[in-house]
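Participant: Coordinates in work.txt, compact mmCIF, C-alpha atoms (C1' of nucleotides) and all ligand atoms, are listed below.
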```
# COMPACT_ATOMS: atom_id res chain seq x y z
CA MET A 27 -6.56 -36.80 16.12
CA PRO A 28 -3.96 -34.30 15.07
CA HIS A 29 -4.91 -30.72 15.81
CA THR A 30 -4.71 -27.91 13.30
CA THR A 31 -3.98 -24.22 13.12
CA PHE A 32 -7.66 -23.44 13.67
CA ASP A 33 -7.92 -25.69 16.68
CA PRO A 34 -6.37 -24.26 19.87
CA HIS A 35 -3.66 -26.51 21.21
CA ASP A 36 -0.37 -26.61 23.07
CA HIS A 37 1.80 -25.50 20.23
CA SER A 38 5.11 -25.79 22.05
CA ALA A 39 4.63 -29.54 21.87
CA CYS A 40 4.20 -29.31 18.09
CA ILE A 41 7.37 -27.30 17.85
CA GLN A 42 9.44 -29.76 19.84
CA GLN A 43 8.06 -32.68 17.88
CA ALA A 44 8.75 -31.02 14.52
CA LEU A 45 12.29 -30.08 15.47
CA GLN A 46 13.05 -33.57 16.66
CA ALA A 47 11.54 -35.09 13.53
CA ALA A 48 13.69 -32.81 11.37
CA GLN A 49 16.80 -33.62 13.36
CA ALA A 50 16.15 -37.34 13.12
CA HIS A 51 15.47 -37.18 9.41
CA CYS A 52 18.68 -35.25 8.82
CA ALA A 53 20.71 -37.70 10.87
CA GLU A 54 19.29 -40.63 8.97
CA HIS A 55 19.84 -39.06 5.56
CA LYS A 56 23.23 -37.49 6.31
CA LEU A 57 21.87 -33.97 5.88
CA GLN A 58 23.39 -31.10 7.81
CA PHE A 59 20.81 -29.60 10.14
CA THR A 60 22.93 -26.51 10.66
CA LYS A 61 22.38 -23.73 13.14
CA ILE A 62 20.82 -21.34 10.64
CA ARG A 63 18.60 -24.03 9.08
CA ARG A 64 17.39 -25.02 12.50
CA ARG A 65 16.84 -21.41 13.51
CA VAL A 66 14.78 -20.65 10.39
CA LEU A 67 12.66 -23.73 11.00
CA GLU A 68 12.12 -22.59 14.60
CA ILE A 69 11.04 -19.17 13.36
CA LEU A 70 8.54 -20.76 10.97
CA LEU A 71 7.26 -23.12 13.61
CA ALA A 72 6.59 -20.25 16.01
CA GLN A 73 3.84 -18.91 13.76
CA HIS A 74 0.60 -20.37 12.44
CA HIS A 75 0.80 -18.17 9.41
CA ALA A 76 3.15 -18.12 6.44
CA MET A 77 6.21 -15.88 6.57
CA GLY A 78 8.05 -14.18 3.73
CA ALA A 79 11.80 -14.57 3.40
CA TYR A 80 12.27 -10.95 4.41
CA ASP A 81 10.12 -11.45 7.52
CA ILE A 82 12.56 -14.15 8.53
CA LEU A 83 15.50 -11.87 7.86
CA GLU A 84 13.88 -9.24 10.10
CA GLN A 85 13.50 -11.78 12.87
CA LEU A 86 17.13 -12.81 12.50
CA ALA A 87 18.17 -9.16 12.56
CA ALA A 88 16.21 -8.68 15.78
CA GLU A 89 18.32 -11.46 17.23
CA GLY A 90 21.51 -9.67 16.24
CA GLN A 91 22.15 -11.78 13.16
CA ASN A 92 22.56 -9.41 10.25
CA ALA A 93 21.79 -11.85 7.46
CA GLN A 94 21.38 -11.04 3.78
CA PRO A 95 18.59 -12.42 1.53
CA PRO A 96 20.48 -15.45 0.21
CA VAL A 97 20.85 -16.68 3.78
CA ALA A 98 17.09 -16.89 4.18
CA TYR A 99 16.45 -18.30 0.73
CA ARG A 100 19.11 -20.97 1.12
CA ALA A 101 17.73 -22.12 4.44
CA LEU A 102 14.20 -22.10 3.03
CA ASP A 103 15.31 -24.09 -0.02
CA PHE A 104 16.80 -26.69 2.26
CA LEU A 105 13.70 -26.89 4.43
CA VAL A 106 11.34 -27.06 1.46
CA SER A 107 13.46 -29.57 -0.47
CA ASN A 108 13.53 -31.89 2.50
CA GLY A 109 9.86 -31.53 3.36
CA PHE A 110 10.25 -29.56 6.60
CA ALA A 111 8.50 -26.53 5.16
CA HIS A 112 6.27 -25.58 2.25
CA LYS A 113 5.92 -22.53 0.07
CA ILE A 114 2.47 -20.96 -0.15
CA GLN A 115 2.40 -19.78 -3.75
CA GLN A 116 -0.50 -17.38 -3.28
CA LEU A 117 1.38 -15.52 -0.58
CA ASN A 118 5.01 -15.81 -1.68
CA ALA A 119 5.57 -17.06 1.82
CA TYR A 120 6.70 -20.14 3.69
CA ILE A 121 5.29 -22.28 6.49
CA ALA A 122 6.56 -25.18 8.54
CA CYS A 123 5.24 -28.59 7.58
CA THR A 124 2.86 -30.18 10.04
CA HIS A 125 3.46 -33.71 8.77
CA PRO A 126 7.21 -33.79 9.18
CA GLY A 127 8.98 -36.77 7.71
CA ALA A 128 6.04 -38.41 5.99
CA GLU A 129 5.83 -38.19 2.21
CA HIS A 130 2.65 -36.35 1.36
CA THR A 131 0.79 -34.09 -1.03
CA PRO A 132 -0.01 -31.06 1.07
CA ALA A 133 -3.06 -28.86 0.63
CA PHE A 134 -3.56 -25.59 2.44
CA LEU A 135 -6.48 -23.69 3.92
CA ILE A 136 -5.70 -19.99 4.18
CA CYS A 137 -7.89 -17.67 6.22
CA ARG A 138 -8.17 -14.30 4.50
CA THR A 139 -8.92 -12.52 7.78
CA CYS A 140 -6.53 -13.84 10.43
CA LYS A 141 -3.99 -15.12 7.86
CA GLY A 142 -3.86 -18.48 9.59
CA VAL A 143 -2.77 -21.38 7.39
CA ALA A 144 -3.68 -25.02 8.01
CA GLU A 145 -2.05 -27.89 6.18
CA THR A 146 -4.23 -30.86 5.37
CA CYS A 147 -2.94 -34.11 4.04
CA LEU A 148 -4.61 -35.09 0.78
CA ALA A 149 -3.03 -38.22 -0.50
CA THR A 150 -0.77 -40.27 1.67
CA GLY A 151 2.27 -41.70 0.01
CA ASN A 152 3.86 -40.01 -2.91
CA HIS A 153 0.89 -40.12 -5.30
CA PRO A 154 -0.49 -36.76 -6.32
CA PRO A 155 -4.25 -36.20 -6.30
CA ALA A 156 -5.96 -39.37 -7.30
CA GLY A 157 -9.35 -37.65 -7.17
CA MET A 158 -11.37 -35.74 -9.71
CA PHE A 159 -8.61 -33.92 -11.30
CA GLY A 160 -6.23 -36.83 -11.41
CA GLY A 161 -8.93 -38.34 -13.60
CA ALA A 162 -9.02 -35.35 -15.94
CA ALA A 163 -5.23 -35.49 -16.21
CA ARG A 164 -5.20 -39.20 -17.05
CA ASP A 165 -7.93 -38.70 -19.63
CA MET A 166 -5.71 -36.37 -21.59
CA GLY A 167 -2.56 -38.38 -20.97
CA PHE A 168 -0.90 -35.88 -18.67
CA ARG A 169 1.46 -37.30 -16.06
CA ILE A 170 1.21 -35.31 -12.83
CA GLU A 171 4.40 -35.04 -10.81
CA THR A 172 3.66 -32.34 -8.26
CA ALA A 173 0.59 -30.36 -7.26
CA VAL A 174 -0.09 -26.99 -5.68
CA ILE A 175 -3.41 -26.96 -3.84
CA GLU A 176 -4.33 -23.88 -1.84
CA ALA A 177 -7.78 -22.74 -0.77
CA SER A 178 -8.65 -19.35 0.64
CA GLY A 179 -11.63 -18.52 2.77
CA LEU A 180 -12.65 -18.10 6.37
CA CYS A 181 -11.56 -20.17 9.34
CA PRO A 182 -14.16 -21.16 11.95
CA ALA A 183 -13.28 -18.31 14.31
CA CYS A 184 -13.30 -15.65 11.61
CA GLN A 185 -16.67 -16.77 10.32
CA GLN A 186 -18.12 -15.42 13.58
CA GLN A 187 -16.68 -11.95 13.04
CA ASP A 188 -17.94 -11.88 9.48
CA ILE A 189 -21.33 -10.48 8.49
CA PRO A 190 -23.44 -13.05 10.38
CA CYS A 191 -26.17 -13.81 7.83
CA ALA A 192 -24.95 -13.13 4.31
CA MET B 28 -15.45 -32.66 -26.87
CA PRO B 29 -13.54 -29.49 -26.17
CA HIS B 30 -9.91 -29.67 -27.19
CA THR B 31 -7.03 -28.75 -24.93
CA THR B 32 -3.56 -27.28 -25.13
CA PHE B 33 -2.07 -30.75 -25.53
CA ASP B 34 -4.46 -31.67 -28.31
CA PRO B 35 -3.62 -30.13 -31.70
CA HIS B 36 -6.47 -28.01 -32.98
CA ASP B 37 -7.39 -24.95 -35.03
CA HIS B 38 -6.54 -22.40 -32.43
CA SER B 39 -7.62 -19.38 -34.42
CA ALA B 40 -11.19 -20.55 -33.90
CA CYS B 41 -10.59 -20.64 -30.11
CA ILE B 42 -9.24 -17.12 -30.25
CA GLN B 43 -12.22 -15.75 -32.12
CA GLN B 44 -14.65 -17.50 -29.83
CA ALA B 45 -12.92 -16.25 -26.69
CA LEU B 46 -12.78 -12.67 -27.92
CA GLN B 47 -16.44 -12.71 -28.84
CA ALA B 48 -17.40 -14.22 -25.51
CA ALA B 49 -15.44 -11.51 -23.69
CA GLN B 50 -17.00 -8.79 -25.79
CA ALA B 51 -20.50 -10.14 -25.19
CA HIS B 52 -19.93 -10.50 -21.46
CA CYS B 53 -18.65 -6.93 -21.23
CA ALA B 54 -21.59 -5.59 -23.17
CA GLU B 55 -24.02 -7.40 -20.93
CA HIS B 56 -22.34 -6.29 -17.71
CA LYS B 57 -21.52 -2.72 -18.80
CA LEU B 58 -17.81 -3.33 -18.62
CA GLN B 59 -15.46 -1.43 -20.88
CA PHE B 60 -13.65 -3.83 -23.18
CA THR B 61 -11.08 -1.20 -24.07
CA LYS B 62 -8.44 -1.38 -26.77
CA ILE B 63 -5.60 -2.26 -24.38
CA ARG B 64 -7.65 -4.83 -22.47
CA ARG B 65 -8.63 -6.48 -25.72
CA ARG B 66 -5.08 -6.38 -27.01
CA VAL B 67 -3.70 -8.01 -23.85
CA LEU B 68 -6.31 -10.73 -24.06
CA GLU B 69 -5.37 -11.30 -27.71
CA ILE B 70 -1.72 -11.60 -26.72
CA LEU B 71 -2.57 -14.17 -24.04
CA LEU B 72 -4.83 -16.09 -26.41
CA ALA B 73 -2.08 -16.37 -29.01
CA GLN B 74 -0.06 -18.64 -26.72
CA HIS B 75 -0.71 -21.98 -25.10
CA HIS B 76 1.62 -21.10 -22.27
CA ALA B 77 1.43 -18.58 -19.48
CA MET B 78 2.98 -15.16 -19.99
CA GLY B 79 4.47 -12.82 -17.44
CA ALA B 80 3.38 -9.20 -17.28
CA TYR B 81 6.75 -8.14 -18.63
CA ASP B 82 6.44 -10.55 -21.56
CA ILE B 83 3.25 -8.78 -22.46
CA LEU B 84 4.94 -5.41 -22.17
CA GLU B 85 7.65 -6.65 -24.53
CA GLN B 86 5.04 -7.72 -27.03
CA LEU B 87 3.33 -4.34 -26.78
CA ALA B 88 6.69 -2.63 -27.23
CA ALA B 89 7.31 -4.68 -30.37
CA GLU B 90 4.04 -3.27 -31.69
CA GLY B 91 5.23 0.28 -31.06
CA GLN B 92 3.29 0.71 -27.83
CA ASN B 93 5.76 1.78 -25.17
CA ALA B 94 3.71 0.78 -22.13
CA GLN B 95 4.86 0.81 -18.51
CA PRO B 96 4.24 -2.01 -15.99
CA PRO B 97 0.98 -0.63 -14.54
CA VAL B 98 -0.55 -0.81 -18.01
CA ALA B 99 -0.02 -4.55 -18.17
CA TYR B 100 -1.00 -5.20 -14.56
CA ARG B 101 -4.18 -3.15 -14.86
CA ALA B 102 -5.27 -4.95 -17.98
CA LEU B 103 -4.44 -8.30 -16.38
CA ASP B 104 -6.38 -7.37 -13.24
CA PHE B 105 -9.39 -6.61 -15.37
CA LEU B 106 -9.13 -9.84 -17.33
CA VAL B 107 -8.59 -11.97 -14.22
CA SER B 108 -11.32 -10.23 -12.20
CA ASN B 109 -13.82 -10.86 -14.94
CA GLY B 110 -12.80 -14.43 -15.62
CA PHE B 111 -11.21 -13.90 -19.03
CA ALA B 112 -7.78 -14.91 -17.78
CA HIS B 113 -6.19 -16.69 -14.83
CA LYS B 114 -2.97 -16.26 -12.92
CA ILE B 115 -0.73 -19.31 -12.63
CA GLN B 116 0.71 -18.85 -9.17
CA GLN B 117 3.60 -21.25 -9.64
CA LEU B 118 4.83 -19.27 -12.62
CA ASN B 119 3.91 -15.71 -11.72
CA ALA B 120 2.30 -15.66 -15.13
CA TYR B 121 -1.06 -15.32 -16.78
CA ILE B 122 -3.06 -17.31 -19.29
CA ALA B 123 -6.32 -16.80 -21.16
CA CYS B 124 -9.31 -18.69 -19.83
CA THR B 125 -10.56 -21.52 -21.98
CA HIS B 126 -14.03 -21.53 -20.44
CA PRO B 127 -14.93 -17.92 -21.07
CA GLY B 128 -18.07 -16.66 -19.46
CA ALA B 129 -18.95 -19.74 -17.42
CA GLU B 130 -18.39 -19.60 -13.67
CA HIS B 131 -15.91 -22.29 -12.81
CA THR B 132 -13.14 -23.49 -10.50
CA PRO B 133 -10.19 -23.83 -12.82
CA ALA B 134 -7.39 -26.33 -12.37
CA PHE B 135 -4.21 -26.31 -14.43
CA LEU B 136 -1.86 -28.89 -15.86
CA ILE B 137 1.57 -27.42 -16.52
CA CYS B 138 4.14 -29.26 -18.62
CA ARG B 139 7.61 -28.72 -17.18
CA THR B 140 9.26 -29.37 -20.53
CA CYS B 141 7.28 -27.51 -23.20
CA LYS B 142 5.72 -25.06 -20.73
CA GLY B 143 2.27 -25.74 -22.15
CA VAL B 144 -0.62 -25.09 -19.77
CA ALA B 145 -4.02 -26.75 -20.02
CA GLU B 146 -7.03 -25.59 -18.05
CA THR B 147 -9.41 -28.24 -16.84
CA CYS B 148 -12.75 -27.55 -15.31
CA LEU B 149 -13.11 -29.11 -11.87
CA ALA B 150 -16.40 -28.06 -10.47
CA THR B 151 -19.05 -26.43 -12.55
CA GLY B 152 -20.95 -23.62 -10.97
CA ASN B 153 -19.40 -21.48 -8.33
CA HIS B 154 -18.72 -24.21 -5.77
CA PRO B 155 -15.11 -24.77 -4.98
CA PRO B 156 -13.81 -28.34 -4.85
CA ALA B 157 -16.50 -30.47 -3.34
CA GLY B 158 -14.30 -33.53 -3.58
CA MET B 159 -10.88 -34.28 -2.19
CA PHE B 160 -10.19 -31.69 0.20
CA GLY B 161 -13.54 -29.94 0.43
CA GLY B 162 -14.27 -32.73 2.91
CA ALA B 163 -11.25 -31.97 5.04
CA ALA B 164 -12.18 -28.30 5.05
CA ARG B 165 -15.75 -28.96 6.16
CA ASP B 166 -14.53 -31.28 8.90
CA MET B 167 -12.61 -28.46 10.50
CA GLY B 168 -15.27 -25.85 9.81
CA PHE B 169 -13.31 -23.92 7.21
CA ARG B 170 -15.38 -22.12 4.55
CA ILE B 171 -13.57 -22.25 1.19
CA GLU B 172 -14.11 -19.26 -1.06
CA THR B 173 -11.49 -19.68 -3.76
CA ALA B 174 -9.03 -22.38 -4.69
CA VAL B 175 -5.70 -22.53 -6.50
CA ILE B 176 -5.12 -25.91 -8.09
CA GLU B 177 -2.08 -26.37 -10.28
CA ALA B 178 -0.35 -29.60 -11.21
CA SER B 179 3.05 -29.87 -12.87
CA GLY B 180 4.32 -32.79 -14.84
CA LEU B 181 4.70 -34.00 -18.41
CA CYS B 182 2.23 -33.58 -21.24
CA PRO B 183 1.60 -36.54 -23.58
CA ALA B 184 4.03 -35.29 -26.23
CA CYS B 185 6.83 -34.56 -23.79
CA GLN B 186 6.52 -37.98 -22.19
CA GLN B 187 7.88 -39.38 -25.48
CA GLN B 188 11.03 -37.26 -25.33
CA ASP B 189 11.60 -38.19 -21.71
CA ILE B 190 13.70 -41.17 -20.62
CA PRO B 191 11.40 -43.84 -22.15
CA CYS B 192 11.29 -46.42 -19.36
CA ALA B 193 11.97 -44.82 -16.01
C1' DC C 6 -22.35 20.88 -21.60
C1' DT C 7 -21.30 19.84 -16.93
C1' DT C 8 -20.26 16.63 -13.71
C1' DG C 9 -18.62 12.45 -11.61
C1' DA C 10 -16.70 8.02 -12.44
C1' DT C 11 -13.59 5.13 -14.86
C1' DA C 12 -9.51 4.35 -17.43
C1' DT C 13 -4.84 5.62 -18.92
C1' DG C 14 0.09 7.59 -18.95
C1' DT C 15 4.06 8.10 -16.22
C1' DT C 16 7.42 8.29 -12.48
C1' DA C 17 9.08 6.27 -8.76
C1' DT C 18 9.44 2.64 -5.54
C1' DA C 19 8.21 -1.63 -3.07
C1' DT C 20 8.63 -6.61 -2.80
C1' DC C 21 10.41 -11.16 -3.92
C1' DA C 22 14.38 -13.84 -5.55
C1' DT C 23 18.96 -15.25 -7.46
C1' DA C 24 23.87 -14.88 -9.67
C1' DA C 25 28.46 -14.83 -8.53
C1' DC C 26 32.47 -15.26 -5.83
C1' DG C 27 35.45 -15.59 -1.95
C1' DT C 28 35.75 -17.66 2.76
C1' DT C 29 34.73 -21.02 6.17
C1' DT C 30 33.36 -25.37 7.86
C1' DA C 31 32.45 -30.25 7.41
C1' DA C 32 33.24 -34.90 5.35
C1' DT C 33 36.35 -38.03 3.00
C1' DT C 34 40.34 -40.39 2.52
C1' DA C 35 45.36 -41.02 2.17
C1' DT D 20 46.59 -36.56 11.51
C1' DA D 21 47.10 -34.05 7.21
C1' DA D 22 45.64 -33.32 2.69
C1' DT D 23 41.83 -33.15 -0.30
C1' DT D 24 37.28 -32.38 -1.68
C1' DA D 25 32.55 -31.05 -1.00
C1' DA D 26 29.11 -28.42 1.24
C1' DA D 27 27.57 -24.41 3.53
C1' DC D 28 27.97 -19.51 4.54
C1' DG D 29 28.90 -14.26 4.09
C1' DT D 30 28.48 -10.57 1.07
C1' DT D 31 27.76 -7.61 -2.91
C1' DA D 32 25.22 -6.76 -6.62
C1' DT D 33 21.39 -7.31 -9.58
C1' DG D 34 17.27 -9.37 -11.62
C1' DA D 35 12.20 -10.21 -11.67
C1' DT D 36 7.64 -9.24 -10.17
C1' DA D 37 4.30 -5.87 -8.58
C1' DT D 38 2.18 -1.52 -6.76
C1' DA D 39 1.66 3.51 -4.91
C1' DA D 40 0.63 7.90 -6.32
C1' DC D 41 -0.80 11.49 -9.16
C1' DA D 42 -1.72 13.97 -13.43
C1' DT D 43 -4.40 13.58 -17.74
C1' DA D 44 -7.80 11.75 -20.73
C1' DT D 45 -12.04 9.44 -21.80
C1' DC D 46 -16.61 7.84 -20.85
C1' DA D 47 -21.55 7.83 -18.84
C1' DA D 48 -25.21 10.31 -16.81
C1' DG D 49 -27.91 14.04 -15.69
ZN ZN E 201 3.67 -30.91 4.86
ZN ZN E 202 -9.25 -16.69 10.52
ZN ZN E 203 -11.03 -20.51 -16.87
ZN ZN E 204 5.05 -30.71 -22.87
```
Translate the structure of the given file into structure tokens.

Facilitator:
Amino acid sequence: MPHTTFDPHDHSACIQQALQAAQAHCAEHKLQFTKIRRRVLEILLAQHHAMGAYDILEQLAAEGQNAQPPVAYRALDFLVSNGFAHKIQQLNAYIACTHPGAEHTPAFLICRTCKGVAETCLATGNHPPAGMFGGAARDMGFRIETAVIEASGLCPACQQQDIPCA
Amino acid sequence: MPHTTFDPHDHSACIQQALQAAQAHCAEHKLQFTKIRRRVLEILLAQHHAMGAYDILEQLAAEGQNAQPPVAYRALDFLVSNGFAHKIQQLNAYIACTHPGAEHTPAFLICRTCKGVAETCLATGNHPPAGMFGGAARDMGFRIETAVIEASGLCPACQQQDIPCA
DNA sequence: CTTGATATGTTATATCATAACGTTTAATTA
DNA sequence: TAATTAAACGTTATGATATAACATATCAAG
């Protein structure tokens, strides 16, 4: 069973696996996994929460790389376009994909307290939500191409901190 | 059967109904349905697509009201907080609610061609998505409080314009 | 009418994102 | 390999979205 953000685990293994998956995918599809693209993915992978483009620029600056905004946005565009990262629309922020390589319709669980973000895989394959809402769409003849699905709430750990019986 | 954005209908009736529902809800809950709040809701109701805060400011300016950004954002906050409007996260834009008054978990269908937005009601009552993905959340002990569900694609009309057999 | 709470007007600024263009690096092919 | 083309990068400037802060006005109670 694959572990999640809210499930303590050896994350360095995740990072290595994700980087290798990205590298392999790029090799196979003749995409350039350049230094800056790789570095931005590493920065995203190091966190279990979403990061804004300017957070990434700060991190790069701390490493001596004085990059301007387009540098971050271009790397993020590449990573998102190729499925190595996702944008969390609610947060205007980006997070590394935890199902690298596989085509999927991601859905996110965002903890409002610790800011942790977990990606869950809804539909496998390329088909957007077949459930409930896919039905409503079909009923009115709407053809769904992409879906943004993001839930906010409390992760297991943060539910303990919260007012116990409310 | 309630009509939708992608279903031609007498929209002036929708507008009147929505305004009256908002007014009634405000009266009952001792909320101030002020002139500017009402006007912003009217502006949103006049369109079947989402509008940015600055679009609303433009409209107000055209009416002689030279309002600054906080005016629009404050009115929008009020309307969204009280369920009279929703924010479409993908578009950084706002749209009037089509289920005024009722507690609901809205989901949106956004046409990438005509920019029309239809609101569909997923779960009635206050319970976020029990289906799909509610299961995945429960499995990992995550407590969902709110959900953002937005699909993009082609509305029935725009599917005709599109490459017919692709 | 006084008082406290809520809403508004206004200025300034924060935050998120992209256009445009010249330079560099990589891939293609002659 | 050298020439040619395409892709990526560095940099400046600007656009688009959103909020902080504070003074004034309006409303709701007492
Ligand atoms: Zn993913
Ligand atoms: Zn948490
Ligand atoms: Zn609604
Ligand atoms: Zn359309």

Participant: List as number ranges by chain: which residues have an atom within 12 Å of (-4.3, -16.2, 5.6), counting all atoms listed in the file?

Facilitator: A: 31-32, 73-77, 114, 116-121, 134-145, 176-181, 184; B: 169, 171

Participant: Skipping near chain neighbours, those fewer than 2 positions away, what residues fall within 12 Å of Ser39 of chain B using all atoms listed in the file, listed as number ranges by chain?

Facilitator: B: 35-37, 41-46, 69, 72-75

Participant: What are the closest atom pairs, with distances in Å to one decimal, for each residue of chain C lying within 8 Å of chain A, using only C-alpha atoms (C1' of nucleotides), rows by chain and rising residue number, as a Markdown table?

Facilitator:
```
| residue | atom | partner | partner_atom | distance |
| --- | --- | --- | --- | --- |
| C:DC21 | C1' | A:Asn118 | CA | 7.5 |
| C:DA22 | C1' | A:Tyr99 | CA | 8.0 |
| C:DT23 | C1' | A:Pro96 | CA | 7.8 |
```

Participant: Find the residue from B:Leu106, B:Ile70, B:Val98, B:Ala184 that sits nearest to ligand ZN 204 (chain E); use all atoms listed in the file when measuring.

Facilitator: B:Ala184

Participant: Go through D:DA26, D:DC46, D:DT31, D:DC41 one by one, measure the shortest atom-to-atom distance of each to chain B using all atoms listed in the file, and give the residue with the smallest value.

Facilitator: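 So, comparing all the options, the nearest one is D:DC46.
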
Participant: Could the residues that lie within 10 Å of ligand ZN 203 (chain E), counting all atoms listed in the file, be listed as a PyMOL selection string?

Facilitator: chain B and resi 107+110-114+122-135+145-148

Participant: How many Å lie between atom C1' of DT36 of chain D and atom CA of Ser108 of chain B, rounded to one decimal?

Facilitator: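 Interatomic distance here is 19.1 Å.
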
Participant: Determine, counting all atoms listed in the file, which protein, DNA and RNA residues have an atom within 12 Å of an atom of DA48 of chain D; residues of the same chain fewer than 4 positions away are not included. Present the result as a ChimeraX atom specification.

Facilitator: /C:6-10

Participant: For DT30 of chain D, work out the shell of residues within 12 Å, counting all atoms listed in the file and skipping chain neighbours fewer than 6 positions away, then give it as JSON, numbers by chain.

Facilitator: {"A": [92, 93, 94, 95, 96, 97], "C": [25, 26, 27, 28]}

Participant: Point out the residue among D:DC28, D:DA40, D:DA47, D:DA35 with the least atom-to-atom distance to chain A, counting only C-alpha atoms (C1' of nucleotides).

Facilitator: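 Answer, going by the shortest atom-to-atom distance: D:DC28.
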
Participant: In Å, how far is it from atom CA of Ala51 of chain B to atom C1' of DA12 of chain C?

Facilitator: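 The value is 19.8 Å.
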
Participant: Given 3 Å of margin on each side, can you work out the centre and size in Å (one decimal) of an axis-aligned box holding every listed atom of segment 44-48 of chain D, as lines of an AutoDock Vina configuration file?

Facilitator:
```
center_x = -16.5
center_y = 9.8
center_z = -19.3
size_x = 23.4
size_y = 9.9
size_z = 11.0
```
